[in-house]
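Everything below belongs to protein03.txt, which stores compact mmCIF, C-alpha atoms and all ligand atoms.
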# COMPACT_ATOMS: atom_id res chain seq x y z
CA MET U 8 -1.70 0.22 -31.49
CA THR U 9 -4.54 2.74 -31.62
CA ALA U 10 -6.31 3.78 -28.42
CA ASN U 11 -8.99 1.44 -27.10
CA LEU U 12 -12.09 3.43 -26.16
CA LEU U 13 -13.06 0.71 -23.66
CA ASP U 14 -10.09 1.90 -21.60
CA PHE U 15 -11.82 5.18 -20.73
CA ASP U 16 -14.44 6.12 -18.20
CA LEU U 17 -16.52 9.13 -19.26
CA ASP U 18 -14.04 11.69 -17.92
CA GLY U 19 -11.22 9.88 -19.65
CA LEU U 20 -13.14 9.81 -22.90
CA ALA U 21 -13.92 13.52 -22.56
CA ALA U 22 -10.22 14.24 -22.15
CA PHE U 23 -9.45 12.06 -25.16
CA CYS U 24 -12.07 13.91 -27.25
CA GLU U 25 -10.69 17.25 -26.12
CA ARG U 26 -7.28 16.23 -27.40
CA LEU U 27 -8.98 15.68 -30.75
CA GLY U 28 -10.50 19.14 -30.49
CA GLU U 29 -14.01 17.87 -29.67
CA LYS U 30 -16.44 19.03 -26.99
CA ARG U 31 -17.45 16.97 -23.96
CA PHE U 32 -20.97 16.29 -25.22
CA ARG U 33 -19.41 14.39 -28.11
CA ALA U 34 -17.79 12.11 -25.56
CA VAL U 35 -21.18 11.53 -23.94
CA GLN U 36 -22.66 10.59 -27.31
CA LEU U 37 -19.76 8.28 -28.09
CA PHE U 38 -19.88 6.67 -24.63
CA ARG U 39 -23.60 5.96 -25.01
CA TRP U 40 -23.16 4.42 -28.44
CA ILE U 41 -20.46 2.15 -27.15
CA HIS U 42 -21.81 1.07 -23.79
CA GLN U 43 -25.57 1.48 -24.03
CA LYS U 44 -26.03 0.41 -27.62
CA GLY U 45 -23.07 -1.92 -27.99
CA VAL U 46 -21.98 -0.31 -31.24
CA ALA U 47 -18.32 -0.61 -32.15
CA ARG U 48 -18.24 0.81 -35.68
CA PHE U 49 -18.04 4.58 -35.85
CA GLU U 50 -19.90 4.74 -39.16
CA ASP U 51 -22.94 3.24 -37.40
CA MET U 52 -23.04 6.03 -34.79
CA THR U 53 -25.51 8.03 -36.80
CA ASP U 54 -25.90 11.17 -34.69
CA LEU U 55 -22.16 11.80 -34.37
CA ALA U 56 -20.92 14.69 -36.49
CA ARG U 57 -19.64 13.32 -39.74
CA SER U 58 -16.28 15.01 -39.26
CA LEU U 59 -15.82 13.11 -36.01
CA ARG U 60 -17.01 9.83 -37.49
CA GLU U 61 -14.34 10.20 -40.10
CA LYS U 62 -11.65 11.31 -37.70
CA LEU U 63 -12.03 8.48 -35.16
CA PRO U 64 -11.09 5.37 -37.15
CA GLY U 65 -7.53 6.58 -37.64
CA VAL U 66 -6.87 7.17 -33.95
CA CYS U 67 -8.96 4.76 -31.91
CA GLU U 68 -11.22 1.73 -31.89
CA VAL U 69 -13.59 -0.20 -29.64
CA ARG U 70 -11.45 -3.25 -28.98
CA SER U 71 -13.25 -6.12 -27.33
CA LEU U 72 -11.64 -9.46 -26.42
CA PRO U 73 -11.60 -12.48 -28.73
CA VAL U 74 -13.82 -15.27 -27.42
CA LEU U 75 -12.05 -18.62 -27.26
CA THR U 76 -14.97 -20.64 -25.97
CA GLN U 77 -18.47 -20.13 -24.73
CA GLN U 78 -20.23 -22.77 -22.70
CA ALA U 79 -23.82 -22.83 -21.56
CA SER U 80 -24.82 -24.81 -18.48
CA ALA U 81 -28.10 -26.65 -18.08
CA ASP U 82 -29.04 -24.09 -15.38
CA GLY U 83 -28.63 -21.14 -17.76
CA THR U 84 -25.18 -20.11 -16.55
CA ILE U 85 -22.86 -19.12 -19.39
CA LYS U 86 -19.09 -19.05 -19.22
CA TRP U 87 -16.82 -17.32 -21.69
CA LEU U 88 -13.11 -17.82 -22.03
CA PHE U 89 -11.50 -14.67 -23.46
CA ASP U 90 -8.09 -14.55 -25.08
CA VAL U 91 -5.91 -11.83 -23.55
CA GLY U 92 -2.82 -12.70 -25.57
CA ASP U 93 0.51 -14.44 -24.95
CA GLY U 94 -1.19 -17.71 -24.11
CA ASN U 95 -3.27 -16.14 -21.33
CA ALA U 96 -7.02 -16.37 -21.05
CA VAL U 97 -9.55 -15.13 -18.51
CA GLU U 98 -13.03 -16.29 -17.68
CA THR U 99 -16.31 -14.46 -17.25
CA VAL U 100 -19.53 -16.04 -16.01
CA PHE U 101 -23.15 -14.95 -16.44
CA ILE U 102 -25.53 -16.24 -13.77
CA PRO U 103 -29.23 -15.68 -14.45
CA GLU U 104 -31.67 -15.62 -11.55
CA ASP U 105 -35.36 -14.76 -11.37
CA ASP U 106 -34.85 -11.20 -10.23
CA ARG U 107 -31.39 -10.39 -11.54
CA GLY U 108 -28.63 -11.20 -13.97
CA THR U 109 -25.15 -11.31 -12.45
CA LEU U 110 -21.87 -11.15 -14.31
CA CYS U 111 -18.77 -12.45 -12.58
CA VAL U 112 -15.81 -10.52 -13.99
CA SER U 113 -12.05 -11.19 -13.92
CA SER U 114 -9.49 -8.54 -13.01
CA GLN U 115 -6.18 -10.31 -13.63
CA ALA U 116 -4.75 -13.20 -15.62
CA GLY U 117 -3.84 -15.44 -12.70
CA CYS U 118 -3.43 -14.08 -9.19
CA ALA U 119 -0.45 -13.35 -6.97
CA VAL U 120 -2.19 -13.94 -3.63
CA GLY U 121 -1.97 -17.71 -3.92
CA CYS U 122 -4.82 -18.88 -1.69
CA ARG U 123 -4.57 -22.61 -1.04
CA PHE U 124 -8.12 -23.43 -2.05
CA CYS U 125 -8.21 -21.38 -5.26
CA SER U 126 -7.50 -22.71 -8.69
CA THR U 127 -6.59 -19.25 -10.00
CA GLY U 128 -4.20 -18.85 -7.07
CA HIS U 129 -2.50 -22.13 -7.91
CA GLN U 130 -1.73 -21.04 -11.45
CA GLY U 131 0.28 -18.03 -10.30
CA PHE U 132 0.23 -14.48 -11.60
CA SER U 133 0.56 -13.59 -15.27
CA ARG U 134 -0.47 -9.96 -15.54
CA ASN U 135 -2.98 -7.28 -14.71
CA LEU U 136 -5.88 -6.73 -17.09
CA SER U 137 -6.28 -3.25 -18.52
CA THR U 138 -9.44 -1.24 -17.88
CA GLY U 139 -10.49 -2.03 -21.43
CA GLU U 140 -10.06 -5.76 -20.83
CA ILE U 141 -12.17 -5.60 -17.67
CA VAL U 142 -14.89 -3.52 -19.34
CA ALA U 143 -14.80 -5.66 -22.50
CA GLN U 144 -16.10 -8.62 -20.48
CA LEU U 145 -19.22 -6.65 -19.53
CA TRP U 146 -19.55 -4.95 -22.92
CA TYR U 147 -19.40 -8.24 -24.76
CA ALA U 148 -21.64 -10.20 -22.40
CA GLU U 149 -24.33 -7.52 -22.10
CA HIS U 150 -24.72 -6.97 -25.81
CA PHE U 151 -24.42 -10.64 -26.65
CA LEU U 152 -27.16 -11.47 -24.15
CA ARG U 153 -29.45 -8.69 -25.40
CA LYS U 154 -29.23 -10.18 -28.88
CA GLN U 155 -29.73 -13.64 -27.51
CA PHE U 156 -32.81 -12.69 -25.54
CA ASN U 157 -33.95 -10.36 -28.30
CA THR U 158 -34.32 -7.36 -26.04
CA GLN U 159 -33.15 -3.73 -25.90
CA GLU U 160 -33.39 -3.81 -22.12
CA ARG U 161 -30.52 -4.34 -19.76
CA VAL U 162 -29.84 -8.01 -19.06
CA ILE U 163 -26.97 -7.70 -16.57
CA SER U 164 -28.14 -5.98 -13.38
CA ASN U 165 -25.27 -6.96 -11.09
CA VAL U 166 -21.51 -7.23 -11.46
CA VAL U 167 -19.31 -9.08 -9.01
CA MET U 168 -15.53 -8.80 -9.26
CA MET U 169 -15.21 -12.44 -8.28
CA GLY U 170 -13.66 -13.95 -11.37
CA MET U 171 -9.93 -14.49 -11.71
CA GLY U 172 -7.56 -12.21 -9.86
CA GLU U 173 -7.44 -9.86 -6.90
CA PRO U 174 -9.17 -6.66 -8.05
CA LEU U 175 -7.56 -4.49 -5.38
CA GLN U 176 -4.12 -5.50 -6.63
CA ASN U 177 -5.07 -3.98 -9.97
CA TYR U 178 -6.57 -0.82 -8.59
CA ASN U 179 -5.60 1.67 -11.29
CA ALA U 180 -7.29 -0.35 -13.99
CA LEU U 181 -10.24 -1.30 -11.77
CA LEU U 182 -11.31 2.23 -10.89
CA PRO U 183 -12.25 3.53 -14.36
CA ALA U 184 -13.90 0.17 -15.05
CA LEU U 185 -16.11 0.55 -11.96
CA ARG U 186 -16.94 4.13 -12.94
CA THR U 187 -18.02 2.97 -16.39
CA MET U 188 -20.26 0.32 -14.82
CA LEU U 189 -21.91 2.94 -12.58
CA ASP U 190 -22.15 5.81 -15.07
CA ASP U 191 -25.69 6.66 -16.18
CA HIS U 192 -24.34 7.09 -19.70
CA GLY U 193 -22.59 3.72 -19.38
CA TYR U 194 -24.22 0.68 -17.76
CA GLY U 195 -26.04 2.66 -15.07
CA LEU U 196 -25.60 -0.04 -12.41
CA SER U 197 -26.31 0.92 -8.84
CA ARG U 198 -23.43 0.91 -6.35
CA ARG U 199 -25.25 -1.72 -4.35
CA ARG U 200 -25.22 -4.02 -7.35
CA VAL U 201 -21.53 -3.76 -8.12
CA THR U 202 -19.44 -5.79 -5.69
CA VAL U 203 -15.69 -5.80 -5.30
CA SER U 204 -14.48 -8.97 -3.64
CA THR U 205 -11.09 -8.83 -1.96
CA SER U 206 -8.83 -11.13 -0.01
CA GLY U 207 -8.04 -8.08 2.14
CA VAL U 208 -5.73 -5.52 0.53
CA VAL U 209 -6.21 -3.07 3.38
CA PRO U 210 -4.76 0.18 1.94
CA MET U 211 -6.74 -0.25 -1.26
CA MET U 212 -9.96 -0.85 0.67
CA ASP U 213 -9.43 2.62 2.11
CA ARG U 214 -8.81 4.10 -1.32
CA LEU U 215 -11.89 2.44 -2.74
CA SER U 216 -13.99 3.89 0.08
CA GLN U 217 -12.92 7.36 -1.06
CA ASP U 218 -12.81 6.93 -4.82
CA CYS U 219 -15.74 4.69 -5.63
CA PRO U 220 -17.46 3.01 -2.70
CA VAL U 221 -19.29 0.06 -4.19
CA ALA U 222 -20.50 -2.99 -2.24
CA LEU U 223 -17.64 -4.85 -0.60
CA ALA U 224 -17.16 -8.56 -0.05
CA VAL U 225 -14.19 -9.71 2.01
CA SER U 226 -12.87 -13.23 1.59
CA LEU U 227 -12.29 -14.27 5.17
CA HIS U 228 -12.02 -18.08 5.12
CA ALA U 229 -10.48 -18.36 8.59
CA PRO U 230 -11.34 -17.04 12.04
CA ASN U 231 -7.78 -16.67 13.40
CA ASP U 232 -4.45 -15.42 12.07
CA ALA U 233 -2.63 -18.74 12.26
CA LEU U 234 -5.11 -20.46 9.98
CA ARG U 235 -5.66 -17.46 7.72
CA ASP U 236 -1.88 -16.99 7.27
CA HIS U 237 -1.89 -20.49 5.84
CA LEU U 238 -5.03 -20.28 3.66
CA VAL U 239 -4.77 -16.67 2.45
CA PRO U 240 -1.06 -15.77 2.50
CA LEU U 241 -1.86 -12.04 2.21
CA ASN U 242 -2.97 -12.27 5.84
CA ARG U 243 0.69 -12.18 6.89
CA LYS U 244 0.81 -8.64 5.55
CA TYR U 245 -2.65 -7.51 6.68
CA PRO U 246 -3.72 -9.62 9.66
CA LEU U 247 -7.28 -9.97 10.87
CA ALA U 248 -7.35 -7.09 13.34
CA GLU U 249 -6.21 -4.69 10.61
CA LEU U 250 -8.65 -6.19 8.15
CA MET U 251 -11.55 -5.76 10.58
CA ASP U 252 -10.50 -2.14 11.20
CA ALA U 253 -10.47 -1.53 7.45
CA CYS U 254 -13.99 -2.98 7.20
CA LEU U 255 -15.16 -0.60 9.92
CA ARG U 256 -13.59 2.34 8.08
CA TYR U 257 -15.24 1.27 4.81
CA LEU U 258 -18.75 0.94 6.18
CA PRO U 259 -19.66 4.64 6.53
CA HIS U 260 -18.96 5.03 2.80
CA ALA U 261 -20.50 1.77 1.66
CA PRO U 262 -23.80 1.58 -0.22
CA ARG U 263 -24.94 -1.14 2.18
CA ASP U 264 -24.69 -1.06 5.95
CA PHE U 265 -22.87 -4.36 6.22
CA ILE U 266 -19.82 -6.13 4.83
CA THR U 267 -20.28 -9.52 3.21
CA PHE U 268 -17.77 -12.04 4.50
CA GLU U 269 -17.09 -14.95 2.21
CA TYR U 270 -16.07 -18.19 3.80
CA CYS U 271 -15.09 -21.23 1.81
CA MET U 272 -15.99 -24.44 3.65
CA LEU U 273 -12.99 -26.80 3.75
CA ALA U 274 -13.46 -30.21 5.34
CA GLY U 275 -11.57 -30.55 8.60
CA VAL U 276 -9.69 -27.28 8.05
CA ASN U 277 -11.95 -24.33 8.92
CA ASP U 278 -15.39 -25.88 9.30
CA GLN U 279 -15.61 -26.91 12.95
CA LEU U 280 -18.05 -25.36 15.41
CA GLU U 281 -15.13 -23.89 17.32
CA HIS U 282 -14.22 -21.99 14.14
CA ALA U 283 -17.77 -20.68 13.94
CA GLN U 284 -17.50 -19.53 17.55
CA GLN U 285 -14.16 -17.82 16.87
CA LEU U 286 -15.76 -16.05 13.92
CA ILE U 287 -18.59 -14.81 16.10
CA ASP U 288 -16.08 -13.53 18.65
CA LEU U 289 -14.03 -11.91 15.90
CA VAL U 290 -16.81 -9.93 14.25
CA ARG U 291 -18.76 -9.28 17.45
CA GLY U 292 -15.93 -8.37 19.71
CA HIS U 293 -13.83 -6.32 17.33
CA ALA U 294 -13.01 -2.81 18.57
CA GLY U 295 -15.55 -3.34 21.32
CA ARG U 296 -18.47 -2.77 18.97
CA GLY U 297 -18.34 -5.40 16.30
CA VAL U 298 -18.42 -5.32 12.50
CA PRO U 299 -21.91 -5.29 10.93
CA CYS U 300 -21.76 -8.18 8.49
CA LYS U 301 -23.38 -11.05 6.70
CA PHE U 302 -21.77 -14.38 6.01
CA ASN U 303 -21.77 -16.18 2.72
CA LEU U 304 -20.63 -19.78 3.12
CA ILE U 305 -19.23 -21.12 -0.14
CA PRO U 306 -19.06 -24.88 -0.59
CA PHE U 307 -15.47 -25.51 -1.67
CA ASN U 308 -15.15 -26.46 -5.30
CA PRO U 309 -12.41 -29.06 -5.30
CA PHE U 310 -9.60 -29.32 -7.82
CA PRO U 311 -6.93 -32.00 -7.62
CA GLU U 312 -3.84 -29.87 -6.88
CA SER U 313 -5.43 -28.41 -3.75
CA GLY U 314 -5.48 -31.61 -1.73
CA LEU U 315 -8.61 -30.24 -0.03
CA THR U 316 -12.21 -31.39 0.05
CA CYS U 317 -15.51 -29.70 0.68
CA SER U 318 -17.23 -29.94 4.05
CA ALA U 319 -20.14 -32.36 4.20
CA LYS U 320 -23.61 -30.82 3.94
CA PRO U 321 -24.58 -31.41 7.60
CA VAL U 322 -21.31 -29.76 8.69
CA VAL U 323 -22.05 -26.69 6.56
CA LYS U 324 -25.57 -26.63 7.94
CA ALA U 325 -24.41 -26.83 11.56
CA PHE U 326 -21.84 -24.10 10.93
CA ALA U 327 -24.46 -21.83 9.35
CA GLU U 328 -26.84 -22.48 12.21
CA ARG U 329 -24.25 -21.56 14.79
CA LEU U 330 -23.63 -18.20 13.08
CA SER U 331 -27.36 -17.59 12.61
CA ALA U 332 -28.05 -18.40 16.24
CA ALA U 333 -25.64 -15.60 17.17
CA GLY U 334 -27.77 -13.22 15.09
CA ILE U 335 -25.48 -13.12 12.04
CA VAL U 336 -27.35 -13.40 8.74
CA THR U 337 -25.78 -16.38 7.00
CA THR U 338 -26.44 -17.87 3.60
CA VAL U 339 -24.98 -20.93 1.96
CA ARG U 340 -24.16 -20.14 -1.63
CA LYS U 341 -25.75 -22.30 -4.25
CA THR U 342 -23.28 -23.55 -6.78
CA ARG U 343 -24.16 -22.74 -10.34
CA GLY U 344 -22.77 -23.89 -13.63
CA ASP U 345 -21.16 -26.98 -12.11
CA ASP U 346 -21.37 -28.86 -15.37
CA ILE U 347 -19.18 -26.28 -17.10
CA ASP U 348 -16.69 -25.68 -14.24
CA ALA U 349 -17.99 -22.16 -13.80
CA ALA U 350 -18.29 -22.23 -10.02
CA CYS U 351 -16.23 -20.08 -7.67
CA GLY U 352 -12.55 -20.82 -7.67
CA GLN U 353 -12.68 -23.10 -10.67
CA LEU U 354 -11.72 -20.37 -13.03
CA ALA U 355 -8.31 -21.37 -14.17
CA GLY U 356 -8.21 -19.73 -17.57
CA ASP U 357 -5.78 -21.52 -19.71
CA VAL U 358 -2.41 -20.68 -18.36
CA LEU U 359 -1.85 -23.62 -16.05
CA ASP U 360 0.88 -24.93 -18.23
CA ARG U 361 2.35 -22.01 -20.07
CA THR U 362 4.62 -24.09 -22.25
CA ASN U 363 1.65 -25.71 -23.88
CA ALA U 364 -0.73 -22.83 -23.56
CA ALA U 365 -0.47 -21.55 -27.11
CA ALA U 366 -1.03 -25.00 -28.56
CA ARG U 367 -3.98 -25.64 -26.31
CA LEU U 368 -5.53 -22.27 -27.08
CA ALA U 369 -5.32 -23.09 -30.76
CA GLN U 370 -6.90 -26.44 -30.07
CA ARG U 371 -9.69 -24.80 -28.09
CA ARG U 372 -10.39 -22.50 -30.99
CA THR U 373 -11.13 -25.46 -33.19
CA GLN U 374 -13.08 -27.24 -30.49
CA VAL U 375 -15.37 -24.32 -29.96
CA GLU U 376 -17.61 -25.22 -32.86
CA HIS U 377 -18.40 -28.55 -31.29
CA ARG U 378 -19.56 -27.20 -27.99
CA VAL U 379 -23.02 -26.45 -26.75
CA VAL U 380 -22.93 -22.81 -27.70
CA TRP U 381 -26.54 -21.80 -27.88
CA SER U 382 -26.29 -23.51 -31.21
CA SER U 383 -29.97 -24.16 -31.73
CA LYS U 384 -31.01 -20.66 -30.65
CA GLU U 385 -28.37 -18.96 -32.69
CA SER U 386 -29.37 -20.63 -35.89
CA SER U 387 -33.09 -20.03 -35.41
N1 LIG U 401 -9.53 -12.30 -5.35
C1 LIG U 401 -10.79 -11.95 -4.86
C2 LIG U 401 -11.92 -12.19 -5.85
C3 LIG U 401 -11.88 -13.43 -6.68
S1 LIG U 401 -12.14 -14.95 -5.85
C4 LIG U 401 -11.09 -12.65 -3.57
O1 LIG U 401 -10.36 -13.56 -3.21
O2 LIG U 401 -12.04 -12.24 -2.90
C5 LIG U 401 -13.89 -14.93 -5.54
C6 LIG U 401 -14.33 -15.80 -4.38
O3 LIG U 401 -14.20 -17.19 -4.70
C7 LIG U 401 -13.51 -15.57 -3.14
O4 LIG U 401 -14.31 -15.48 -2.00
C8 LIG U 401 -12.68 -16.81 -3.12
O5 LIG U 401 -12.18 -17.03 -1.85
C9 LIG U 401 -13.63 -17.85 -3.59
N2 LIG U 401 -12.98 -19.10 -4.00
C10 LIG U 401 -11.76 -19.24 -4.52
N3 LIG U 401 -11.50 -20.54 -4.78
C11 LIG U 401 -12.59 -21.24 -4.41
C12 LIG U 401 -12.94 -22.62 -4.46
N4 LIG U 401 -12.11 -23.53 -4.96
N5 LIG U 401 -14.15 -22.97 -4.01
C13 LIG U 401 -15.00 -22.05 -3.54
N6 LIG U 401 -14.73 -20.73 -3.48
C14 LIG U 401 -13.54 -20.32 -3.90
FE1 LIG U 402 -6.49 -14.65 -5.73
FE2 LIG U 402 -9.00 -14.48 -4.77
FE3 LIG U 402 -8.00 -16.83 -5.68
FE4 LIG U 402 -7.07 -15.81 -3.39
S1 LIG U 402 -9.17 -16.51 -3.80
S2 LIG U 402 -5.83 -16.68 -5.06
S3 LIG U 402 -7.12 -13.65 -3.85
S4 LIG U 402 -8.39 -15.00 -6.88
Would you mind giving the structure from this file in structure tokens?
Ligand code: SAH
Ligand code: SF4
Amino acid sequence: MTANLLDFDLDGLAAFCERLGEKRFRAVQLFRWIHQKGVARFEDMTDLARSLREKLPGVCEVRSLPVLTQQASADGTIKWLFDVGDGNAVETVFIPEDDRGTLCVSSQAGCAVGCRFCSTGHQGFSRNLSTGEIVAQLWYAEHFLRKQFNTQERVISNVVMMGMGEPLQNYNALLPALRTMLDDHGYGLSRRRVTVSTSGVVPMMDRLSQDCPVALAVSLHAPNDALRDHLVPLNRKYPLAELMDACLRYLPHAPRDFITFEYCMLAGVNDQLEHAQQLIDLVRGHAGRGVPCKFNLIPFNPFPESGLTCSAKPVVKAFAERLSAAGIVTTVRKTRGDDIDAACGQLAGDVLDRTNAAARLAQRRTQVEHRVVWSSKESS
């Protein structure tokens, strides 16, 4: 298979061009055509030297991901299901808000961490995505949305690595993808607006702080090791004290002066006021100085295999108030895209039952025409 140019950050593309005997500024031109203009055909890249335009098609291509389905929610959220081959699919979600457009991006097909409350975790691990497959989600969504909204301006202002998979367990592919997102010749996103969410892969948090310190969200979900061992099995490897230390080490490099802790509210499991108090003690008391942080409480999105339910609204409210009263900024996340199963932790791709996956993917392909796919807008 020929090289996929979406696999390269700018340095990688420069090295690739050098191997073809081309100068670095050619790589900059090429990178801008691909990422800023969304152009995939070399013959359309009008200011590239003709010799290069003719040379490229034989050796490389801009290979995006095939779209299996696209669903639009009543609240403007859009979810794409991308085919990554062998019966695997990953999901990407666009969430429009007044002052920003956020894309939730997947890093793996499935996930090996196996959190109890996560639909992706329940499906098990299939494989890592390549850099090109991570970037393709942004490339496709950004340029699709620009066409849709009939604008040349950037539509996606924020990226959160909160789709399927544990991004820090796919570090080598993640890093060039992040660099492409941040690059001024690429998507030009600010470090504060690119968030890596992790269940707590401690050594990779340290590497990220050195290589590409973007905003960090840590999925906490429990205030003590016994409970976290059960909910987030990775805790057995990197327990809370180590995780808190890693957060403290990350902060001096971070683009924000706090860590965002995510906390999924599970009825009767981790949502009692004593849990809130333990959390306060954990983040306040750690290393004698505390971890500067904000809390994001996520209402649990139930799915049948989990056997769990979401905390009642007043319970979430009381929990949030307890944290706030201790001076910790706490928000309760709004759920978006409920009607299209696009909320956190509902991203299950299509690999739940691998034996039938191929058949169901084929079926989805035929179903796609019948879905609400911006149909009226697209035809107008
Ligand atoms: N693997 C990374 C990023 C992907 S999950 C991580 O765990 O941080 C993104 C967020 O969705 C995490 O905070 C995760 O804990 C949360 N989440 C997973 N399943 C959920 C569910 N069913 N309901 C609500 N949030 C969920
Ligand atoms: Fe993996 Fe994150 Fe889901 Fe846990 S919550 S199983 S780490 S995707």
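Between atom CA of U:Gly131 and atom N5 of ligand LIG 401 (chain U) the interatomic distance comes to 16.5 Å.
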Write out as an MDAnalysis selection string the residues lying within 7 Å of stretch 87-89 of chain U, counting all atoms listed in the file and excluding same-chain residues fewer than 4 positions away. chainID U and resid 72:78 96:100 356
For those residues, write C-alpha atoms to a file as a compact mmCIF listing (two decimals), in the coordinates of the input.
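Dumped to selection_38.txt:
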# COMPACT_ATOMS: atom_id res chain seq x y z
CA LEU U 72 -11.64 -9.46 -26.42
CA PRO U 73 -11.60 -12.48 -28.73
CA VAL U 74 -13.82 -15.27 -27.42
CA LEU U 75 -12.05 -18.62 -27.26
CA THR U 76 -14.97 -20.64 -25.97
CA GLN U 77 -18.47 -20.13 -24.73
CA GLN U 78 -20.23 -22.77 -22.70
CA ALA U 96 -7.02 -16.37 -21.05
CA VAL U 97 -9.55 -15.13 -18.51
CA GLU U 98 -13.03 -16.29 -17.68
CA THR U 99 -16.31 -14.46 -17.25
CA VAL U 100 -19.53 -16.04 -16.01
CA GLY U 356 -8.21 -19.73 -17.57
Counting only C-alpha atoms and all ligand atoms, which residue out of U:Gln159, U:Thr187, U:Ser197, U:Ser114 sits closest to ligand LIG 402 (chain U)? U:Ser114
Which is closest to ligand LIG 401 (chain U) among U:Val46, U:Ala10, U:Leu247, U:Cys111, if we use all atoms listed in the file? U:Cys111
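With distances restricted to only C-alpha atoms and all ligand atoms, U:Ala119 is the closest residue to ligand LIG 401 (chain U) from U:Leu330, U:Ala119, U:Leu152, U:Ile163.
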Contact table chain U vs ligand LIG 402 (chain U), cut-off 8 Å, shortest pair per residue, only C-alpha atoms and all ligand atoms, as a tab-separated table:
residue	atom	partner	partner_atom	distance
U:Gly117	CA	U:LIG402	S4	7.4
U:Cys118	CA	U:LIG402	FE1	4.7
U:Ala119	CA	U:LIG402	FE1	6.3
U:Val120	CA	U:LIG402	S2	4.8
U:Gly121	CA	U:LIG402	S2	4.2
U:Cys122	CA	U:LIG402	S2	4.1
U:Arg123	CA	U:LIG402	S2	7.3
U:Phe124	CA	U:LIG402	S1	7.2
U:Cys125	CA	U:LIG402	FE3	4.6
U:Ser126	CA	U:LIG402	FE3	6.6
U:Thr127	CA	U:LIG402	FE3	5.1
U:Gly128	CA	U:LIG402	S2	3.4
U:His129	CA	U:LIG402	S2	7.0
U:Met169	CA	U:LIG402	S4	7.4
U:Gly170	CA	U:LIG402	S4	7.0
U:Met171	CA	U:LIG402	S4	5.1
U:Gly172	CA	U:LIG402	S4	4.2
U:Glu173	CA	U:LIG402	S3	4.9
U:Ser204	CA	U:LIG402	FE2	7.9
U:Thr205	CA	U:LIG402	S3	6.5
U:Ser206	CA	U:LIG402	S3	4.9
U:Ser226	CA	U:LIG402	S1	7.3
U:Val239	CA	U:LIG402	FE4	6.3
U:Gly352	CA	U:LIG402	FE3	6.4
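Ranking U:Ser133, U:Ser71, U:Thr138, U:Ser80 by their shortest atom-to-atom distance to U:Asp16, with only C-alpha atoms included, puts U:Thr138 first.
Put simply, atom CA of U:Leu13 is 21.1 Å away from atom CA of U:Lys86.
Here the question is which of U:Asp236, U:Tyr194, U:Ala222, U:Leu273 gets nearest to U:Pro259 using all atoms listed in the file, and that residue is U:Ala222.
Closest approach to ligand LIG 401 (chain U) among U:Leu255, U:Val225, U:Leu182, U:Val91: U:Val225, based on all atoms listed in the file.
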If I take atom CA of U:Tyr270 and atom CA of U:Leu227, how far is one from the other in Å, to one decimal? 5.6 Å
Would you compute, for all listed atoms of stretch 129-146 of chain U, the axis-aligned bounding box grown by 6 Å on each side, and then report its centre and edge lengths in Å rounded to one decimal, as AutoDock Vina command-line options?
--center_x -9.5 --center_y -11.7 --center_z -15.4 --size_x 32.1 --size_y 32.9 --size_z 27.0
Would you list the contacts of stretch 59-68 of chain U as a PyMOL selection string, taking every protein, DNA or RNA residue within 12 Å and counting only C-alpha atoms, but skipping same-chain residues closer than 6 positions in sequence? chain U and resi 8-15+20+23-30+33-34+36-37+41+46-53+139
Expected file for stretch 65-85 of chain U keeping C-alpha atoms, as a short mmCIF file (atom, residue, chain, number, x, y, z; two decimals), in the first residue's frame:
data_model
loop_
_atom_site.label_atom_id
_atom_site.label_comp_id
_atom_site.auth_asym_id
_atom_site.auth_seq_id
_atom_site.Cartn_x
_atom_site.Cartn_y
_atom_site.Cartn_z
CA GLY U 65 2.77 6.85 -7.58
CA VAL U 66 4.18 6.86 -4.06
CA CYS U 67 1.58 8.25 -1.69
CA GLU U 68 -2.00 9.36 -1.18
CA VAL U 69 -4.22 11.20 1.29
CA ARG U 70 -6.17 8.25 2.66
CA SER U 71 -9.17 9.18 4.75
CA LEU U 72 -11.52 6.66 6.39
CA PRO U 73 -14.68 5.35 4.75
CA VAL U 74 -17.81 6.65 6.48
CA LEU U 75 -20.25 3.90 7.40
CA THR U 76 -22.90 6.11 8.92
CA GLN U 77 -23.45 9.70 9.84
CA GLN U 78 -26.15 10.71 12.28
CA ALA U 79 -27.27 14.18 13.22
CA SER U 80 -28.90 14.82 16.58
CA ALA U 81 -31.68 17.32 17.17
CA ASP U 82 -29.20 19.37 19.25
CA GLY U 83 -26.73 19.69 16.35
CA THR U 84 -24.38 16.94 17.50
CA ILE U 85 -23.14 14.77 14.64
#
